[in-house]
file data-v9.tsv (TSV, C-alpha atoms)
chain	number	residue	atom	x	y	z
A	462	MET	CA	181.19	83.64	67.48
A	463	THR	CA	184.04	81.33	68.26
A	464	PRO	CA	184.17	80.57	71.98
A	465	VAL	CA	187.29	81.70	73.88
A	466	HIS	CA	188.90	78.83	75.73
A	467	ALA	CA	190.14	79.63	79.21
A	468	ASN	CA	193.42	77.73	78.71
A	469	LYS	CA	194.62	80.02	75.90
A	470	LEU	CA	195.48	82.87	78.18
A	471	LYS	CA	196.35	82.70	81.83
A	472	ILE	CA	195.95	85.96	83.72
A	473	ARG	CA	198.08	86.32	86.83
A	474	SER	CA	196.14	88.11	89.52
A	475	SER	CA	199.31	88.91	91.46
A	476	GLY	CA	200.62	91.17	88.69
A	477	LYS	CA	204.10	89.62	88.95
A	478	PRO	CA	205.92	88.74	85.70
A	479	ALA	CA	206.04	85.10	84.72
A	480	ARG	CA	209.14	83.28	85.97
A	481	ASP	CA	211.62	82.40	83.23
A	482	ARG	CA	212.24	78.68	83.59
A	483	ASN	CA	215.51	79.05	81.65
A	484	VAL	CA	217.02	81.11	84.47
A	485	VAL	CA	218.56	79.18	87.37
A	486	ASP	CA	217.90	80.91	90.67
A	487	VAL	CA	221.02	79.55	92.37
A	488	GLY	CA	223.17	81.04	89.60
A	489	LYS	CA	221.65	84.46	90.16
A	490	LYS	CA	222.19	84.19	93.90
A	491	MET	CA	225.81	83.15	93.45
A	492	PHE	CA	226.60	86.23	91.37
A	493	VAL	CA	224.78	88.48	93.83
A	494	VAL	CA	227.16	87.17	96.50
A	495	LEU	CA	230.19	87.61	94.21
A	496	GLU	CA	229.20	91.21	93.59
A	497	ALA	CA	229.04	91.78	97.33
A	498	LEU	CA	232.68	90.68	97.62
A	499	THR	CA	233.81	93.39	95.19
A	500	ARG	CA	232.25	96.37	96.97
A	501	ASN	CA	234.93	96.89	99.59
A	502	PRO	CA	237.99	94.77	98.71
A	503	ARG	CA	240.15	96.43	101.39
A	504	ASN	CA	237.86	95.20	104.15
A	505	PRO	CA	236.80	91.61	103.37
A	506	PRO	CA	233.16	91.24	104.48
A	507	SER	CA	232.07	88.66	107.00
A	508	LEU	CA	229.27	86.15	106.49
A	509	GLU	CA	226.91	88.41	108.45
A	510	GLU	CA	227.82	91.49	106.41
A	511	ILE	CA	227.37	89.67	103.11
A	512	THR	CA	224.03	88.26	104.26
A	513	HIS	CA	222.82	91.72	105.24
A	514	SER	CA	223.91	93.32	101.95
A	515	VAL	CA	222.39	90.72	99.62
A	516	GLY	CA	219.14	90.08	101.46
A	517	LEU	CA	219.34	86.30	101.30
A	518	ALA	CA	219.01	83.74	104.06
A	519	LYS	CA	222.22	83.28	106.05
A	520	THR	CA	222.25	79.53	105.40
A	521	THR	CA	221.96	80.16	101.65
A	522	VAL	CA	224.82	82.66	101.66
A	523	TYR	CA	226.99	80.29	103.72
A	524	ARG	CA	226.38	77.40	101.32
A	525	LEU	CA	227.16	79.55	98.29
A	526	LEU	CA	230.39	80.84	99.83
A	527	ASN	CA	231.38	77.34	100.91
A	528	THR	CA	230.76	76.02	97.41
A	529	MET	CA	232.90	78.75	95.85
A	530	LYS	CA	235.64	78.06	98.41
A	531	GLU	CA	235.51	74.37	97.54
A	532	ILE	CA	236.08	75.04	93.83
A	533	GLY	CA	238.71	77.70	94.49
A	534	TYR	CA	237.06	80.97	93.50
A	535	VAL	CA	236.64	82.42	97.01
A	536	GLU	CA	239.03	82.47	99.96
A	537	GLN	CA	238.63	83.29	103.64
A	538	THR	CA	241.22	85.52	105.30
A	539	SER	CA	241.14	83.30	108.43
A	540	PRO	CA	238.94	80.49	109.77
A	541	ASN	CA	236.48	83.09	111.07
A	542	GLY	CA	237.55	86.00	108.90
A	543	GLY	CA	236.12	87.83	105.91
A	544	TYR	CA	235.73	86.52	102.37
A	545	VAL	CA	237.70	87.60	99.28
A	546	LEU	CA	237.83	86.62	95.63
A	547	SER	CA	240.75	84.29	94.93
A	548	GLN	CA	243.45	84.55	92.29
A	549	LYS	CA	241.70	81.77	90.38
A	550	PHE	CA	238.65	84.00	89.97
A	551	PHE	CA	240.70	86.71	88.28
A	552	GLU	CA	242.57	84.19	86.15
A	553	LEU	CA	239.22	82.96	84.85
A	554	SER	CA	238.70	86.06	82.74
A	555	ARG	CA	242.33	86.85	81.96
A	556	PRO	CA	242.58	84.88	78.68
A	557	ALA	CA	239.44	86.53	77.27
A	558	VAL	CA	240.34	90.12	78.08
A	559	PRO	CA	243.11	90.60	75.46
A	560	HIS	CA	240.86	89.21	72.72
A	561	GLN	CA	238.12	91.65	73.70
A	562	TYR	CA	240.61	94.47	73.14
A	563	LEU	CA	242.10	92.85	70.05
A	564	MET	CA	238.95	92.48	67.96
A	565	PRO	CA	237.86	96.14	67.69
A	566	MET	CA	241.48	97.28	67.59
A	567	ALA	CA	242.49	94.92	64.80
A	568	ARG	CA	239.59	95.48	62.43
A	569	THR	CA	240.73	98.88	61.15
A	570	TRP	CA	244.24	97.57	60.64
A	571	LEU	CA	242.97	94.51	58.78
A	572	GLU	CA	240.80	96.66	56.52
A	573	ARG	CA	243.76	98.83	55.61
A	574	LEU	CA	245.98	95.77	55.22
A	575	SER	CA	243.52	94.26	52.75
A	576	LEU	CA	243.24	97.53	50.83
A	577	ARG	CA	246.99	98.04	50.79
A	578	THR	CA	247.82	94.54	49.55
A	579	GLY	CA	244.72	93.59	47.60
A	580	GLY	CA	244.49	90.32	49.53
A	581	THR	CA	242.09	88.88	52.08
A	582	ALA	CA	243.21	89.84	55.59
A	583	SER	CA	242.32	87.52	58.47
A	584	LEU	CA	242.72	87.30	62.23
A	585	GLY	CA	242.75	83.98	64.09
A	586	ILE	CA	243.55	82.21	67.34
A	587	LEU	CA	244.34	78.65	68.32
A	588	ASP	CA	241.31	77.03	69.95
A	589	GLN	CA	241.96	73.54	71.34
A	590	GLY	CA	244.45	72.86	68.59
A	591	SER	CA	242.37	74.18	65.68
A	592	LEU	CA	242.62	77.56	64.00
A	593	LEU	CA	239.55	79.70	64.69
A	594	TYR	CA	238.96	82.68	62.41
A	595	LEU	CA	237.94	85.74	64.44
A	596	ALA	CA	237.76	88.29	61.64
A	597	VAL	CA	238.01	88.23	57.85
A	598	ILE	CA	238.26	91.25	55.53
A	599	GLU	CA	237.68	89.93	52.03
A	600	SER	CA	239.70	91.07	49.05
A	601	GLN	CA	237.90	93.23	46.51
A	602	HIS	CA	239.31	91.14	43.68
A	603	PRO	CA	236.77	88.88	41.95
A	604	TYR	CA	238.94	85.79	42.45
A	605	ARG	CA	239.66	85.29	46.12
A	606	TYR	CA	239.70	82.65	48.80
A	607	ALA	CA	237.14	83.67	51.39
A	608	MET	CA	236.70	82.37	54.91
A	609	LYS	CA	234.12	83.43	57.48
A	610	PRO	CA	234.51	84.49	61.11
A	611	GLY	CA	233.76	81.46	63.25
A	612	ASP	CA	235.19	78.99	60.74
A	613	TYR	CA	237.61	76.36	62.03
A	614	TYR	CA	240.53	75.05	59.96
A	615	TYR	CA	243.32	72.56	60.51
A	616	ALA	CA	246.16	74.58	62.05
A	617	HIS	CA	248.93	72.61	60.32
A	618	ALA	CA	247.59	73.61	56.90
A	619	THR	CA	247.34	77.39	57.44
A	620	ALA	CA	249.90	80.17	57.80
A	621	MET	CA	248.22	81.55	60.92
A	622	GLY	CA	247.97	78.10	62.44
A	623	LYS	CA	251.66	77.43	61.91
A	624	CYS	CA	252.51	80.81	63.48
A	625	LEU	CA	250.67	79.74	66.62
A	626	LEU	CA	251.76	76.09	66.70
A	627	ALA	CA	255.39	77.18	66.37
A	628	TYR	CA	255.46	78.49	69.93
A	629	LEU	CA	253.97	75.41	71.55
A	630	SER	CA	256.18	72.77	73.10
A	631	GLU	CA	256.87	69.59	71.14
A	632	GLU	CA	254.62	67.70	73.56
A	633	GLU	CA	251.79	70.14	72.92
A	634	VAL	CA	252.21	69.82	69.16
A	635	ASP	CA	252.13	66.04	69.52
A	636	GLU	CA	248.85	66.37	71.42
A	637	VAL	CA	247.37	68.49	68.61
A	638	ILE	CA	248.41	65.81	66.12
A	639	ARG	CA	246.87	63.06	68.24
A	640	THR	CA	243.63	65.00	68.57
A	641	HIS	CA	243.17	66.33	65.05
A	642	GLY	CA	245.55	64.33	62.90
A	643	LEU	CA	247.39	65.74	59.89
A	644	PRO	CA	244.92	65.10	57.07
A	645	ARG	CA	246.02	65.77	53.50
A	646	LEU	CA	243.95	68.63	52.06
A	647	THR	CA	246.05	69.26	48.94
A	648	ARG	CA	249.17	67.79	47.37
A	649	ASN	CA	251.28	70.25	49.44
A	650	THR	CA	249.74	69.65	52.86
A	651	ILE	CA	252.10	68.65	55.66
A	652	THR	CA	251.16	65.12	56.68
A	653	THR	CA	253.90	63.93	59.05
A	654	GLY	CA	254.88	65.06	62.51
A	655	THR	CA	258.56	65.22	61.58
A	656	GLU	CA	257.89	67.56	58.66
A	657	LEU	CA	255.56	69.71	60.75
A	658	LEU	CA	258.10	70.15	63.55
A	659	SER	CA	260.78	71.06	61.00
A	660	VAL	CA	258.52	73.71	59.43
A	661	LEU	CA	257.50	75.08	62.82
A	662	ALA	CA	261.17	75.49	63.77
A	663	MET	CA	261.67	77.63	60.65
A	664	VAL	CA	258.55	79.67	61.43
A	665	LYS	CA	259.83	80.29	64.94
A	666	ARG	CA	263.24	81.29	63.59
A	667	ASP	CA	261.89	83.62	60.90
A	668	GLY	CA	258.91	85.08	62.78
A	669	PHE	CA	256.42	84.42	59.95
A	670	ALA	CA	254.86	81.56	58.02
A	671	ILE	CA	254.09	81.01	54.35
A	672	ASN	CA	251.45	78.65	53.06
A	673	VAL	CA	251.67	77.63	49.39
A	674	GLU	CA	248.61	75.61	48.36
A	675	GLU	CA	248.58	73.64	51.62
A	676	ASN	CA	244.96	74.31	52.54
A	677	ALA	CA	243.44	74.96	49.11
A	678	ASP	CA	244.74	74.64	45.57
A	679	GLY	CA	245.72	77.89	43.91
A	680	VAL	CA	245.95	79.88	47.15
A	681	MET	CA	249.02	81.39	48.80
A	682	CYS	CA	249.12	82.94	52.23
A	683	VAL	CA	251.57	84.64	54.59
A	684	GLY	CA	250.98	84.88	58.33
A	685	ALA	CA	252.56	86.66	61.30
A	686	PRO	CA	252.06	86.19	65.05
A	687	ILE	CA	250.50	88.87	67.26
A	688	TRP	CA	252.01	89.15	70.71
A	689	GLY	CA	250.47	90.40	73.93
A	690	PRO	CA	252.00	90.60	77.39
A	691	GLU	CA	252.30	86.81	77.53
A	692	VAL	CA	255.28	84.71	76.42
A	693	ARG	CA	253.37	83.17	73.52
A	694	PRO	CA	251.51	84.79	70.63
A	695	MET	CA	247.87	85.46	71.52
A	696	ALA	CA	246.71	85.53	67.89
A	697	ALA	CA	247.96	85.70	64.32
A	698	LEU	CA	247.03	87.53	61.16
A	699	SER	CA	247.40	86.59	57.52
A	700	ILE	CA	247.08	87.84	53.96
A	701	SER	CA	245.84	85.36	51.38
A	702	SER	CA	245.52	85.70	47.64
A	703	PRO	CA	245.49	83.57	44.50
A	704	LEU	CA	248.91	82.04	43.93
A	705	VAL	CA	249.33	83.64	40.48
A	706	ARG	CA	248.81	87.11	41.93
A	707	MET	CA	250.87	86.68	45.10
A	708	GLN	CA	254.01	84.87	43.91
A	709	GLY	CA	255.71	87.98	42.53
A	710	VAL	CA	255.01	90.15	45.57
A	711	ILE	CA	255.46	87.72	48.44
A	712	ASP	CA	258.24	89.77	50.06
A	713	SER	CA	256.06	92.87	50.08
A	714	MET	CA	253.14	90.86	51.46
A	715	LYS	CA	255.37	89.42	54.19
A	716	ASN	CA	256.58	92.87	55.19
A	717	GLU	CA	253.03	94.19	55.33
A	718	ALA	CA	251.90	91.31	57.53
A	719	LEU	CA	254.86	91.78	59.87
A	720	ARG	CA	254.33	95.54	60.04
A	721	VAL	CA	250.70	95.27	61.11
A	722	ALA	CA	251.31	92.32	63.45
A	723	ARG	CA	254.08	94.24	65.20
A	724	GLN	CA	251.95	97.36	65.57
A	725	LEU	CA	249.07	95.38	67.06
A	726	SER	CA	251.50	93.63	69.40
A	727	LEU	CA	252.78	96.97	70.68
A	728	MET	CA	249.23	98.22	71.19
A	729	LEU	CA	248.45	95.08	73.20
A	730	GLY	CA	251.32	95.75	75.58
A	731	HIS	CA	254.04	93.54	74.11
A	732	ASN	CA	257.60	94.58	74.90
A	733	PRO	CA	259.74	93.68	71.85
A	734	GLU	CA	262.90	94.00	73.94
A	735	ILE	CA	261.95	90.95	76.02
A	736	ALA	CA	262.68	87.59	74.41
A	737	THR	CA	260.48	84.57	74.94
A	738	PRO	CA	261.62	81.87	77.42
A	739	GLU	CA	262.89	79.81	74.52
A	740	GLY	CA	265.22	82.69	73.67
A	741	VAL	CA	263.49	83.55	70.40
A	742	GLN	CA	263.00	87.21	69.68
A	743	PRO	CA	259.80	88.10	67.76
A	744	GLN	CA	260.52	89.28	64.23
A	745	ALA	CA	261.88	92.83	64.06
A	746	PRO	CA	260.10	95.27	61.76
A	747	PRO	CA	261.14	95.12	58.11
A	748	PRO	CA	263.72	97.74	57.03
A	749	GLY	CA	262.25	101.20	56.65
A	750	ILE	CA	259.15	100.53	58.74
A	751	ALA	CA	258.79	102.51	61.95
A	752	ALA	CA	257.62	100.77	65.10
A	753	ALA	CA	254.73	103.16	65.64
A	754	GLU	CA	253.78	103.75	62.04
A	755	SER	CA	250.19	104.90	61.74
A	756	PRO	CA	247.78	102.82	59.64
A	757	GLU	CA	247.46	105.28	56.77
A	758	ILE	CA	246.24	103.91	53.46
A	759	LEU	CA	248.97	103.71	50.90
A	760	ALA	CA	249.05	102.47	47.34
A	761	PRO	CA	248.55	98.71	46.88
A	762	VAL	CA	251.60	96.52	46.54
A	763	SER	CA	252.86	96.51	42.99
A	764	GLY	CA	251.58	93.63	40.94
A	765	ASP	CA	248.09	93.53	42.49
call {"tool": "encode", "arguments": {"input": "data-v9.tsv", "output": "C-alpha cells"}}
result
Amino acid sequence: MTPVHANKLKIRSSGKPARDRNVVDVGKKMFVVLEALTRNPRNPPSLEEITHSVGLAKTTVYRLLNTMKEIGYVEQTSPNGGYVLSQKFFELSRPAVPHQYLMPMARTWLERLSLRTGGTASLGILDQGSLLYLAVIESQHPYRYAMKPGDYYYAHATAMGKCLLAYLSEEEVDEVIRTHGLPRLTRNTITTGTELLSVLAMVKRDGFAINVEENADGVMCVGAPIWGPEVRPMAALSISSPLVRMQGVIDSMKNEALRVARQLSLMLGHNPEIATPEGVQPQAPPPGIAAAESPEILAPVSGD
C-alpha cells in the first residue's frame, strides 16, 4: 500500500473555507463602505453611522473614506458632516452603461440587417483610437470577409472607424495618427493625414462612410454612426460584402445601414432634432423609411 503523505492534504480544524489569496481584503472593505453610502442618499451618513452599519473598525472606515475623498469619489457635506458619493463616481460608469444597453438591443437588428442585405453586419466602437468590433453577424454567402468580436482594426481603413473618427476634433485625429500611424494595408488605404481629414469631412457631411478595398482587397463596406444622448456617436455599424456583389447595390446597402443605425439611435435616446455642437445634423432617414420602422425581415436587396 502506498503511504499517504501528510502534506498532500491539509485539513482545517476550524472548518472555515480557505482564504483566496487572489482577493484583496482592502478592496472588499472599500466596496462595503461604498454600499453603505447608497442606502440612504437623502441623509448622508456620518463616520459613526457608516462604521456601525459595516461592522469594521472606525479607523479603517475613516482611512477608506479619506482615501476615496482624496481621489475624488466621495465628498463630505461639511467638515464634520455626512459622506456622499461624488459626481466623479457616477461618471465612472456612465460611458459603459449605453454599451451595455446597445449590445443586446443591436444584435437582433444586425441579424436582420445581414439577412436583408446578404452581407456581414458588424457593430464597433472607437477604443483609444482603434476600431474594436463588438458584434459580428456573418453573411451566409460562401465568400465573405469575416471578423470576430474583440478584433481590433485600424480605424482609418474601415467604414465604421471613419464614421467615428469624423466626429473627433482635428487635434484628436492627429493624436490617433501619432499613436497608430496610417499604415498602408491595400493599394486604396488612406496614408496621409491631409487625405484622411478630407475624407472625414465628407463622412461628417453625408452621415455615412464607404470603404472600397481599403482594409482588404476585394471587400467593400458601408458604415453609419449610432448616436446616443451624447454629442458624438457612441458606436457605428457596417455592412461588408465582396466588391463584385456589392458594387451594384451600394445605394440600397447604404440606405439599410442608415435605417438601422437611426432606429438604434432613437432607441438609445438620441434626439434627431438636436444638432451636434459643430452644427452637423445626423443623416436623416432615406426616403420612404419611417423613423420607427420595426425590424421585420424583408426580401434581400436585389443583386445578392
call {"tool": "closest_residue", "arguments": {"input": "data-v9.tsv", "among": "A:Arg645, A:Arg693, A:Lys623, A:Lys609", "to": "Val660 of chain A", "atoms": "only C-alpha atoms"}}
result
A:Lys623
call {"tool": "residues_around", "arguments": {"input": "data-v9.tsv", "residues": "segment 613-621 of chain A", "least_positions_apart": "5", "cutoff": "7 Å", "atoms": "all atoms listed in the file", "output": "short mmCIF file (atom, residue, chain, number, x, y, z; two decimals) with C-alpha atoms, keeping the file's coordinate frame"}}
result
data_model
loop_
_atom_site.label_atom_id
_atom_site.label_comp_id
_atom_site.auth_asym_id
_atom_site.auth_seq_id
_atom_site.Cartn_x
_atom_site.Cartn_y
_atom_site.Cartn_z
CA GLY A 585 242.75 83.98 64.09
CA GLY A 590 244.45 72.86 68.59
CA SER A 591 242.37 74.18 65.68
CA LEU A 592 242.62 77.56 64.00
CA LEU A 593 239.55 79.70 64.69
CA TYR A 594 238.96 82.68 62.41
CA THR A 650 249.74 69.65 52.86
CA ILE A 651 252.10 68.65 55.66
CA ALA A 670 254.86 81.56 58.02
CA ILE A 671 254.09 81.01 54.35
CA ASN A 672 251.45 78.65 53.06
CA GLU A 675 248.58 73.64 51.62
CA ASN A 676 244.96 74.31 52.54
CA CYS A 682 249.12 82.94 52.23
CA VAL A 683 251.57 84.64 54.59
CA GLY A 684 250.98 84.88 58.33
CA ALA A 685 252.56 86.66 61.30
CA ALA A 697 247.96 85.70 64.32
CA LEU A 698 247.03 87.53 61.16
CA SER A 699 247.40 86.59 57.52
#
call {"tool": "residues_around", "arguments": {"input": "data-v9.tsv", "residues": "Ser702 of chain A", "least_positions_apart": "5", "cutoff": "12 Å", "atoms": "all atoms listed in the file", "output": "number ranges by chain"}}
result
A: 575, 578-583, 599-608, 671-674, 677-683, 707-711, 714, 765
call {"tool": "atom_distance", "arguments": {"input": "data-v9.tsv", "atom1": "atom CA of Asp588 of chain A", "atom2": "atom CA of Met566 of chain A"}}
result
20.4 Å
call {"tool": "residues_near_point", "arguments": {"input": "data-v9.tsv", "point": "(219.4, 87.7, 102.1)", "cutoff": "12 Å", "atoms": "all atoms listed in the file", "output": "JSON, numbers by chain"}}
result
{"A": [490, 491, 493, 494, 497, 508, 509, 510, 511, 512, 513, 514, 515, 516, 517, 518, 519, 520, 521, 522, 523, 525]}
call {"tool": "atom_distance", "arguments": {"input": "data-v9.tsv", "atom1": "atom CA of Met728 of chain A", "atom2": "atom CA of Leu629 of chain A"}}
result
23.3 Å
call {"tool": "atom_distance", "arguments": {"input": "data-v9.tsv", "atom1": "atom CA of Leu643 of chain A", "atom2": "atom CA of Leu625 of chain A"}}
result
15.9 Å
call {"tool": "closest_residue", "arguments": {"input": "data-v9.tsv", "among": "A:Glu636, A:Asp712, A:Glu656, A:Glu536", "to": "Pro505 of chain A", "atoms": "all atoms listed in the file"}}
result
A:Glu536
call {"tool": "decode", "arguments": {"input": "data-v9.tsv", "residues": "segment 691-720 of chain A", "atoms": "C-alpha atoms", "output": "short mmCIF file (atom, residue, chain, number, x, y, z; two decimals), in the first residue's frame"}}
result
data_model
loop_
_atom_site.label_atom_id
_atom_site.label_comp_id
_atom_site.auth_asym_id
_atom_site.auth_seq_id
_atom_site.Cartn_x
_atom_site.Cartn_y
_atom_site.Cartn_z
CA GLU A 691 -24.17 62.41 -26.22
CA VAL A 692 -22.97 64.87 -28.86
CA ARG A 693 -20.79 62.28 -30.58
CA PRO A 694 -21.64 58.85 -31.99
CA MET A 695 -21.27 56.14 -29.35
CA ALA A 696 -20.81 53.34 -31.90
CA ALA A 697 -21.14 52.53 -35.58
CA LEU A 698 -22.44 49.67 -37.67
CA SER A 699 -21.45 48.40 -41.09
CA ILE A 700 -22.36 46.01 -43.87
CA SER A 701 -19.49 44.39 -45.73
CA SER A 702 -19.52 42.14 -48.77
CA PRO A 703 -17.30 41.13 -51.68
CA LEU A 704 -16.80 44.07 -54.02
CA VAL A 705 -18.26 42.24 -57.04
CA ARG A 706 -21.50 41.58 -55.18
CA MET A 707 -21.86 44.98 -53.51
CA GLN A 708 -20.98 47.45 -56.27
CA GLY A 709 -24.36 47.29 -57.99
CA VAL A 710 -26.41 47.65 -54.81
CA ILE A 711 -24.37 50.13 -52.80
CA ASP A 712 -27.23 52.65 -52.57
CA SER A 713 -29.55 50.02 -51.16
CA MET A 714 -26.86 48.88 -48.72
CA LYS A 715 -26.28 52.47 -47.62
CA ASN A 716 -29.99 53.02 -47.01
CA GLU A 717 -30.23 49.80 -45.00
CA ALA A 718 -27.27 50.78 -42.82
CA LEU A 719 -28.70 54.26 -42.23
CA ARG A 720 -32.15 52.86 -41.44
#
